[in-house]
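First up is the structure itself, then whatever we jot down about it.
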Amino acid sequence: MAQSRRAVVIGGGIGGLTAAAALHARGWRVTVLERARSLEPVGAAISLAPNSLRALDVIGLGDEIRALAAWAGDGGLRTPGGRWLARTSADAAAARFGGPLVLLHRATLITSLASRLPADTVRTASAATLADPGGPGRPARVTTSDGELEADLVVGADGIHSAVRSALFPGHPGPVYSGFTTWRVVIPLPGVEFASHETWGLGRIWGTHPLKDGRVYAYAAARTPAGESAPDDERAELLRRFGDWHEPVPAVLAAARPRDVLRHDVHHIAEPLPAYHRGRVTLVGDAAHAMPPTLGQGGNQAIEDAVVLAHHCDDPAAYTAARLPRTTAVARQAVRVARLNLMTGRAGVAVRNTAMAALSKAGPALFLRGFDGIADWRPPQRPYASQQSPAGNH
């Protein structure tokens, strides 16, 4: 019976926990194996667009997350000197895509997802190795320090350097360096008023956005060789690179402490995988299609993966067919956007800025068009159903 089927999820991040919650809701017995000692996520904040919020509706979490929306006014794109290149409207975006954009701390989302699971579902400090992907009439097998687990379905949600992916597709080249590094910080910033914005410079970007809890999420990116780190500390590195940019950038840097700043090189999967499954094993999130963060869709696509996987839990090939073309297209668009907003040539940047300003003046609908086909996605099951997969087909 369906209630006796067992799924093992390798990785307790956003994609893994969403998959676990979605499978649990379908009656599966789920075990999540997380190698870290706790579910505390690496990273600062995450932006959830209407597409992933609709996916979270499938597991009853969408409205809880929508209530955390903080950006209610206008924002936009600026130059380092503070000039507005383009204005964006939260209301226009919500009207076009059917819901708000929600920025929240990753830890908040992880906690909410874990709350949808039985207390004994997640095993932390539990490294796992795929021993056998299984097949027709043969369960998949996963080896842990506590012994071996058999499963009707294994979900590889173990991130960009996925060992599950390597086991399924040993000939795949894996992730490549995207050409830039990122810094992120979440801090209180009392008394500082600002409009939500992203700022594009020469080979550098900065963003500052409010969170519902009163803190501020700021991020930066710059083209750098892989593997570099600051000679002193990363706050000092941000001061060198961004200290003369418009407010509130100096205010953020003044309030931040060195230990508040996270730095990570960005990698992505440039060559798409041949499939997102093999045998009884599937891949979700960065394990399947790691992409640059320039569209803010990495976590969103992992959440989509999870609910689509639950919809196609009896047919991994149908999961691949539903997800591989879409995520490949989104990932390629994220790479193109990275080339645009991290341009280093002054002449090219001048042309880019002029074009962005003209596009904004033509109206917010034109400016938002780049997210058509991304933010308006709907899950294949109720309470939303895509045209490609009727709601009754599950």
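Identifiers for the structure tokens are assigned positionally: chains receive A, B, ... in sequence, residues are indexed from 1 per chain, and ligands are indexed from 1 in the order shown.
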Test item: residues at most 10 Å from A:Ala167, only C-alpha atoms, excluding those fewer than 2 positions along its chain, as a PyMOL selection string
chain A and resi 129-133+162-165+169-172+278
Quick one: everything within 7 Å of stretch 218-222 of chain A, counting only C-alpha atoms, minus sequence neighbours fewer than 5 positions away in the same chain. Send it as a PDB file with all heavy atoms, in the first residue's frame.
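Contents of the output file selection_5.pdb:
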```
ATOM      1  N   PHE A 180      32.530  34.752 -10.166  1.00  0.00           N
ATOM      2  CA  PHE A 180      32.386  35.801  -9.155  1.00  0.00           C
ATOM      3  C   PHE A 180      32.144  35.198  -7.783  1.00  0.00           C
ATOM      4  O   PHE A 180      31.781  34.028  -7.637  1.00  0.00           O
ATOM      5  CB  PHE A 180      31.266  36.778  -9.534  1.00  0.00           C
ATOM      6  CG  PHE A 180      29.887  36.181  -9.619  1.00  0.00           C
ATOM      7  CD1 PHE A 180      28.981  36.309  -8.570  1.00  0.00           C
ATOM      8  CD2 PHE A 180      29.464  35.524 -10.766  1.00  0.00           C
ATOM      9  CE1 PHE A 180      27.705  35.777  -8.653  1.00  0.00           C
ATOM     10  CE2 PHE A 180      28.183  34.994 -10.872  1.00  0.00           C
ATOM     11  CZ  PHE A 180      27.299  35.124  -9.810  1.00  0.00           C
ATOM     12  N   THR A 181      32.375  36.029  -6.797  1.00  0.00           N
ATOM     13  CA  THR A 181      32.152  35.631  -5.408  1.00  0.00           C
ATOM     14  C   THR A 181      31.067  36.513  -4.813  1.00  0.00           C
ATOM     15  O   THR A 181      30.767  37.588  -5.337  1.00  0.00           O
ATOM     16  CB  THR A 181      33.450  35.749  -4.580  1.00  0.00           C
ATOM     17  OG1 THR A 181      33.311  35.044  -3.344  1.00  0.00           O
ATOM     18  CG2 THR A 181      33.800  37.191  -4.282  1.00  0.00           C
ATOM     19  N   THR A 182      30.445  36.041  -3.728  1.00  0.00           N
ATOM     20  CA  THR A 182      29.372  36.793  -3.086  1.00  0.00           C
ATOM     21  C   THR A 182      29.655  36.986  -1.611  1.00  0.00           C
ATOM     22  O   THR A 182      30.349  36.173  -0.975  1.00  0.00           O
ATOM     23  CB  THR A 182      28.012  36.076  -3.228  1.00  0.00           C
ATOM     24  OG1 THR A 182      28.082  34.789  -2.585  1.00  0.00           O
ATOM     25  CG2 THR A 182      27.623  35.918  -4.677  1.00  0.00           C
ATOM     26  N   TRP A 183      29.115  38.066  -1.083  1.00  0.00           N
ATOM     27  CA  TRP A 183      29.123  38.341   0.361  1.00  0.00           C
ATOM     28  C   TRP A 183      27.687  38.568   0.812  1.00  0.00           C
ATOM     29  O   TRP A 183      26.892  39.170   0.070  1.00  0.00           O
ATOM     30  CB  TRP A 183      29.935  39.602   0.683  1.00  0.00           C
ATOM     31  CG  TRP A 183      31.391  39.540   0.366  1.00  0.00           C
ATOM     32  CD1 TRP A 183      32.408  39.238   1.218  1.00  0.00           C
ATOM     33  CD2 TRP A 183      32.016  39.856  -0.894  1.00  0.00           C
ATOM     34  NE1 TRP A 183      33.627  39.325   0.573  1.00  0.00           N
ATOM     35  CE2 TRP A 183      33.411  39.704  -0.724  1.00  0.00           C
ATOM     36  CE3 TRP A 183      31.518  40.240  -2.144  1.00  0.00           C
ATOM     37  CZ2 TRP A 183      34.317  39.926  -1.756  1.00  0.00           C
ATOM     38  CZ3 TRP A 183      32.417  40.446  -3.180  1.00  0.00           C
ATOM     39  CH2 TRP A 183      33.801  40.297  -2.976  1.00  0.00           C
ATOM     40  N   ARG A 184      27.342  38.121   2.003  1.00  0.00           N
ATOM     41  CA  ARG A 184      25.982  38.298   2.522  1.00  0.00           C
ATOM     42  C   ARG A 184      26.030  38.646   3.996  1.00  0.00           C
ATOM     43  O   ARG A 184      26.894  38.166   4.737  1.00  0.00           O
ATOM     44  CB  ARG A 184      25.161  37.018   2.319  1.00  0.00           C
ATOM     45  CG  ARG A 184      24.790  36.742   0.878  1.00  0.00           C
ATOM     46  CD  ARG A 184      24.302  35.333   0.675  1.00  0.00           C
ATOM     47  NE  ARG A 184      25.382  34.369   0.831  1.00  0.00           N
ATOM     48  CZ  ARG A 184      25.205  33.053   0.837  1.00  0.00           C
ATOM     49  NH1 ARG A 184      24.004  32.551   0.716  1.00  0.00           N
ATOM     50  NH2 ARG A 184      26.235  32.240   0.970  1.00  0.00           N
ATOM     51  N   VAL A 185      25.068  39.457   4.411  1.00  0.00           N
ATOM     52  CA  VAL A 185      25.005  39.870   5.810  1.00  0.00           C
ATOM     53  C   VAL A 185      23.555  40.139   6.175  1.00  0.00           C
ATOM     54  O   VAL A 185      22.782  40.672   5.369  1.00  0.00           O
ATOM     55  CB  VAL A 185      25.889  41.116   6.063  1.00  0.00           C
ATOM     56  CG1 VAL A 185      25.469  42.280   5.189  1.00  0.00           C
ATOM     57  CG2 VAL A 185      25.876  41.519   7.519  1.00  0.00           C
ATOM     58  N   VAL A 186      23.170  39.742   7.372  1.00  0.00           N
ATOM     59  CA  VAL A 186      21.859  40.071   7.952  1.00  0.00           C
ATOM     60  C   VAL A 186      22.115  40.726   9.301  1.00  0.00           C
ATOM     61  O   VAL A 186      22.684  40.101  10.201  1.00  0.00           O
ATOM     62  CB  VAL A 186      20.970  38.822   8.130  1.00  0.00           C
ATOM     63  CG1 VAL A 186      19.662  39.197   8.833  1.00  0.00           C
ATOM     64  CG2 VAL A 186      20.669  38.174   6.790  1.00  0.00           C
ATOM     65  N   GLY A 203      31.552  45.378 -12.761  1.00  0.00           N
ATOM     66  CA  GLY A 203      31.920  44.066 -12.257  1.00  0.00           C
ATOM     67  C   GLY A 203      31.543  43.839 -10.805  1.00  0.00           C
ATOM     68  O   GLY A 203      32.077  42.934 -10.161  1.00  0.00           O
ATOM     69  N   ARG A 204      30.619  44.658 -10.289  1.00  0.00           N
ATOM     70  CA  ARG A 204      30.210  44.548  -8.878  1.00  0.00           C
ATOM     71  C   ARG A 204      28.721  44.855  -8.757  1.00  0.00           C
ATOM     72  O   ARG A 204      28.205  45.710  -9.485  1.00  0.00           O
ATOM     73  CB  ARG A 204      30.990  45.542  -8.004  1.00  0.00           C
ATOM     74  CG  ARG A 204      32.479  45.268  -7.880  1.00  0.00           C
ATOM     75  CD  ARG A 204      33.178  46.395  -7.122  1.00  0.00           C
ATOM     76  NE  ARG A 204      33.231  47.617  -7.915  1.00  0.00           N
ATOM     77  CZ  ARG A 204      33.593  48.811  -7.419  1.00  0.00           C
ATOM     78  NH1 ARG A 204      33.895  48.933  -6.131  1.00  0.00           N
ATOM     79  NH2 ARG A 204      33.634  49.859  -8.202  1.00  0.00           N
ATOM     80  N   ILE A 205      28.047  44.183  -7.835  1.00  0.00           N
ATOM     81  CA  ILE A 205      26.665  44.524  -7.510  1.00  0.00           C
ATOM     82  C   ILE A 205      26.489  44.527  -5.998  1.00  0.00           C
ATOM     83  O   ILE A 205      27.236  43.889  -5.259  1.00  0.00           O
ATOM     84  CB  ILE A 205      25.646  43.562  -8.157  1.00  0.00           C
ATOM     85  CG1 ILE A 205      25.811  42.137  -7.617  1.00  0.00           C
ATOM     86  CG2 ILE A 205      25.749  43.576  -9.667  1.00  0.00           C
ATOM     87  CD1 ILE A 205      24.722  41.197  -8.092  1.00  0.00           C
ATOM     88  N   TRP A 206      25.495  45.275  -5.569  1.00  0.00           N
ATOM     89  CA  TRP A 206      25.131  45.349  -4.152  1.00  0.00           C
ATOM     90  C   TRP A 206      23.610  45.398  -4.057  1.00  0.00           C
ATOM     91  O   TRP A 206      22.950  46.028  -4.882  1.00  0.00           O
ATOM     92  CB  TRP A 206      25.725  46.604  -3.512  1.00  0.00           C
ATOM     93  CG  TRP A 206      25.355  46.760  -2.049  1.00  0.00           C
ATOM     94  CD1 TRP A 206      24.159  47.190  -1.537  1.00  0.00           C
ATOM     95  CD2 TRP A 206      26.176  46.450  -0.928  1.00  0.00           C
ATOM     96  NE1 TRP A 206      24.180  47.166  -0.156  1.00  0.00           N
ATOM     97  CE2 TRP A 206      25.406  46.713   0.241  1.00  0.00           C
ATOM     98  CE3 TRP A 206      27.470  45.974  -0.788  1.00  0.00           C
ATOM     99  CZ2 TRP A 206      25.908  46.523   1.516  1.00  0.00           C
ATOM    100  CZ3 TRP A 206      27.968  45.779   0.487  1.00  0.00           C
ATOM    101  CH2 TRP A 206      27.203  46.061   1.624  1.00  0.00           C
ATOM    102  N   GLY A 207      23.047  44.745  -3.041  1.00  0.00           N
ATOM    103  CA  GLY A 207      21.618  44.825  -2.791  1.00  0.00           C
ATOM    104  C   GLY A 207      21.334  45.020  -1.322  1.00  0.00           C
ATOM    105  O   GLY A 207      22.047  44.473  -0.470  1.00  0.00           O
ATOM    106  N   THR A 208      20.321  45.818  -0.993  1.00  0.00           N
ATOM    107  CA  THR A 208      19.892  46.031   0.395  1.00  0.00           C
ATOM    108  C   THR A 208      18.374  45.934   0.456  1.00  0.00           C
ATOM    109  O   THR A 208      17.673  46.645  -0.279  1.00  0.00           O
ATOM    110  CB  THR A 208      20.313  47.415   0.926  1.00  0.00           C
ATOM    111  OG1 THR A 208      21.603  47.773   0.416  1.00  0.00           O
ATOM    112  CG2 THR A 208      20.369  47.406   2.448  1.00  0.00           C
ATOM    113  N   HIS A 209      17.872  45.065   1.345  1.00  0.00           N
ATOM    114  CA  HIS A 209      16.438  44.816   1.419  1.00  0.00           C
ATOM    115  C   HIS A 209      16.021  44.608   2.877  1.00  0.00           C
ATOM    116  O   HIS A 209      16.756  44.009   3.665  1.00  0.00           O
ATOM    117  CB  HIS A 209      16.064  43.577   0.606  1.00  0.00           C
ATOM    118  CG  HIS A 209      16.545  43.611  -0.805  1.00  0.00           C
ATOM    119  ND1 HIS A 209      15.906  44.348  -1.780  1.00  0.00           N
ATOM    120  CD2 HIS A 209      17.615  43.030  -1.401  1.00  0.00           C
ATOM    121  CE1 HIS A 209      16.561  44.196  -2.926  1.00  0.00           C
ATOM    122  NE2 HIS A 209      17.601  43.407  -2.720  1.00  0.00           N
TER     123      HIS A 209
END
```
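Closest approach to A:Arg26 among A:His311, A:Arg116, A:Arg259, A:His161 is made by A:His311 (distances from only C-alpha atoms).
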Can you work out the spacing between atom CA of A:Val281 and atom CA of A:Gly156 in Å, to one decimal?
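We find that atom CA of A:Val281 and atom CA of A:Gly156 lie 7.0 Å from each other.
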Surrounding residues of stretch 197-199 of chain A excluding itself and chain neighbours under 6 positions, 10 Å, only C-alpha atoms, as a short mmCIF file (atom, residue, chain, number, x, y, z; two decimals) with N, CA, C and O atoms, in the first residue's frame:
```cif
data_model
loop_
_atom_site.label_atom_id
_atom_site.label_comp_id
_atom_site.auth_asym_id
_atom_site.auth_seq_id
_atom_site.Cartn_x
_atom_site.Cartn_y
_atom_site.Cartn_z
N ASP A 74 7.94 50.70 -3.38
CA ASP A 74 8.73 50.70 -4.59
C ASP A 74 10.21 50.51 -4.26
O ASP A 74 10.68 50.87 -3.19
N GLY A 75 10.92 49.98 -5.21
CA GLY A 75 12.36 49.85 -5.10
C GLY A 75 12.93 50.02 -6.48
O GLY A 75 12.37 50.72 -7.31
N GLY A 76 14.06 49.35 -6.72
CA GLY A 76 14.57 49.42 -8.07
C GLY A 76 16.06 49.22 -8.19
O GLY A 76 16.72 48.69 -7.29
N LEU A 77 16.56 49.68 -9.33
CA LEU A 77 17.95 49.48 -9.72
C LEU A 77 18.67 50.83 -9.73
O LEU A 77 18.15 51.80 -10.28
N ARG A 78 19.87 50.86 -9.14
CA ARG A 78 20.60 52.11 -8.98
C ARG A 78 22.03 51.98 -9.50
O ARG A 78 22.54 50.88 -9.71
N THR A 79 22.67 53.14 -9.67
CA THR A 79 24.10 53.19 -9.95
C THR A 79 24.84 53.40 -8.64
O THR A 79 24.25 53.82 -7.64
N PRO A 80 26.17 53.12 -8.59
CA PRO A 80 26.91 53.32 -7.34
C PRO A 80 26.80 54.73 -6.77
O PRO A 80 26.88 54.93 -5.56
N GLY A 81 26.59 55.74 -7.65
CA GLY A 81 26.43 57.10 -7.17
C GLY A 81 25.05 57.40 -6.62
O GLY A 81 24.83 58.49 -6.07
N GLY A 82 24.12 56.47 -6.79
CA GLY A 82 22.78 56.63 -6.23
C GLY A 82 21.69 56.92 -7.23
O GLY A 82 20.51 56.93 -6.88
N ARG A 83 22.04 57.16 -8.50
CA ARG A 83 21.01 57.47 -9.50
C ARG A 83 20.15 56.24 -9.75
O ARG A 83 20.65 55.12 -9.85
N TRP A 84 18.84 56.47 -9.84
CA TRP A 84 17.91 55.37 -10.12
C TRP A 84 17.90 55.09 -11.61
O TRP A 84 17.59 55.96 -12.43
N LEU A 85 18.24 53.86 -11.98
CA LEU A 85 18.16 53.44 -13.38
C LEU A 85 16.77 52.92 -13.70
O LEU A 85 16.28 53.08 -14.82
N ALA A 86 16.16 52.27 -12.75
CA ALA A 86 14.85 51.65 -12.98
C ALA A 86 14.11 51.56 -11.67
O ALA A 86 14.71 51.33 -10.61
N ARG A 87 12.82 51.75 -11.73
CA ARG A 87 11.96 51.63 -10.56
C ARG A 87 11.11 50.37 -10.71
O ARG A 87 10.62 50.06 -11.79
N THR A 88 10.94 49.67 -9.60
CA THR A 88 10.08 48.50 -9.59
C THR A 88 9.02 48.69 -8.52
O THR A 88 9.21 49.42 -7.55
N ILE A 205 28.05 44.18 -7.84
CA ILE A 205 26.67 44.52 -7.51
C ILE A 205 26.49 44.53 -6.00
O ILE A 205 27.24 43.89 -5.26
N TRP A 206 25.49 45.28 -5.57
CA TRP A 206 25.13 45.35 -4.15
C TRP A 206 23.61 45.40 -4.06
O TRP A 206 22.95 46.03 -4.88
N GLY A 207 23.05 44.74 -3.04
CA GLY A 207 21.62 44.82 -2.79
C GLY A 207 21.33 45.02 -1.32
O GLY A 207 22.05 44.47 -0.47
N THR A 208 20.32 45.82 -0.99
CA THR A 208 19.89 46.03 0.40
C THR A 208 18.37 45.93 0.46
O THR A 208 17.67 46.65 -0.28
N HIS A 209 17.87 45.07 1.35
CA HIS A 209 16.44 44.82 1.42
C HIS A 209 16.02 44.61 2.88
O HIS A 209 16.76 44.01 3.66
N PRO A 210 14.82 45.09 3.23
CA PRO A 210 14.34 44.90 4.61
C PRO A 210 13.73 43.51 4.81
O PRO A 210 13.17 42.93 3.89
N ALA A 218 21.65 42.35 3.27
CA ALA A 218 22.48 42.96 2.23
C ALA A 218 23.35 41.89 1.60
O ALA A 218 23.81 40.97 2.28
N TYR A 219 23.56 42.05 0.31
CA TYR A 219 24.44 41.10 -0.40
C TYR A 219 25.27 41.87 -1.41
O TYR A 219 24.90 42.97 -1.84
N ALA A 220 26.38 41.30 -1.76
CA ALA A 220 27.27 41.91 -2.73
C ALA A 220 27.89 40.81 -3.57
O ALA A 220 27.96 39.65 -3.15
N TRP A 245 30.03 53.77 -2.15
CA TRP A 245 28.77 53.71 -2.86
C TRP A 245 27.70 54.46 -2.08
O TRP A 245 27.89 54.86 -0.93
N HIS A 246 26.53 54.64 -2.70
CA HIS A 246 25.46 55.44 -2.11
C HIS A 246 24.93 54.82 -0.80
O HIS A 246 25.09 53.63 -0.55
N PRO A 248 22.11 53.19 1.47
CA PRO A 248 22.58 52.86 2.82
C PRO A 248 23.79 51.94 2.86
O PRO A 248 24.05 51.33 3.89
N VAL A 249 24.54 51.81 1.74
CA VAL A 249 25.67 50.89 1.73
C VAL A 249 26.68 51.23 2.83
O VAL A 249 27.06 50.35 3.63
N ASN A 341 24.80 41.90 -15.34
CA ASN A 341 24.94 42.80 -14.20
C ASN A 341 26.34 42.82 -13.60
O ASN A 341 26.63 43.65 -12.73
#
```
Let me make sure I understand: among A:Pro250, A:Asp244, A:Gly27, A:Ala288, which one has the smallest atom-to-atom distance to A:Pro325 if we use only C-alpha atoms?
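Smallest distance to A:Pro325 is found for A:Ala288.
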Nearby residues (only C-alpha atoms) at most 10 Å from A:Pro274, same-chain spacing under 2 positions excluded, as a PyMOL selection string
chain A and resi 169+172+271-272+276-277+320+324
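Each of A:Arg257, A:Ser112, A:Glu34, A:Ala49 was checked against A:Glu64 using only C-alpha atoms; the smallest atom-to-atom distance is that of A:Ser112.
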Expressed in Å to a single decimal, how great is the separation between atom CA of A:Gly98 and atom CA of A:Leu368?
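A separation of 12.9 Å between them.
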Excluding stretch 3-20 of chain A and its own-chain neighbours fewer than 3 positions away, which residues fall within 6 Å of it when counting only C-alpha atoms? Please give them as a VMD selection string.
chain A and resid 23 to 24 27 to 34 151 to 158 285 302 to 303 306
I'd like the contact shell of A:Gly279 - 8 Å cut-off, only C-alpha atoms, skipping same-chain residues fewer than 4 positions apart - returned as a ChimeraX atom specification.
/A:133-136,140
Please indicate the distance in Å from atom CA of A:Ser47 to atom CA of A:Val102, rounded to one decimal place.
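Pair atom CA of A:Ser47 / atom CA of A:Val102 returns 5.7 Å.
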Any chance you could list, as a ChimeraX atom specification, the residues in stretch 236-345 of chain A that come up helix (DSSP H, G or I) when DSSP is run on the backbone?
/A:236-242,249-255,258-260,286-289,293-295,298-311,316-341
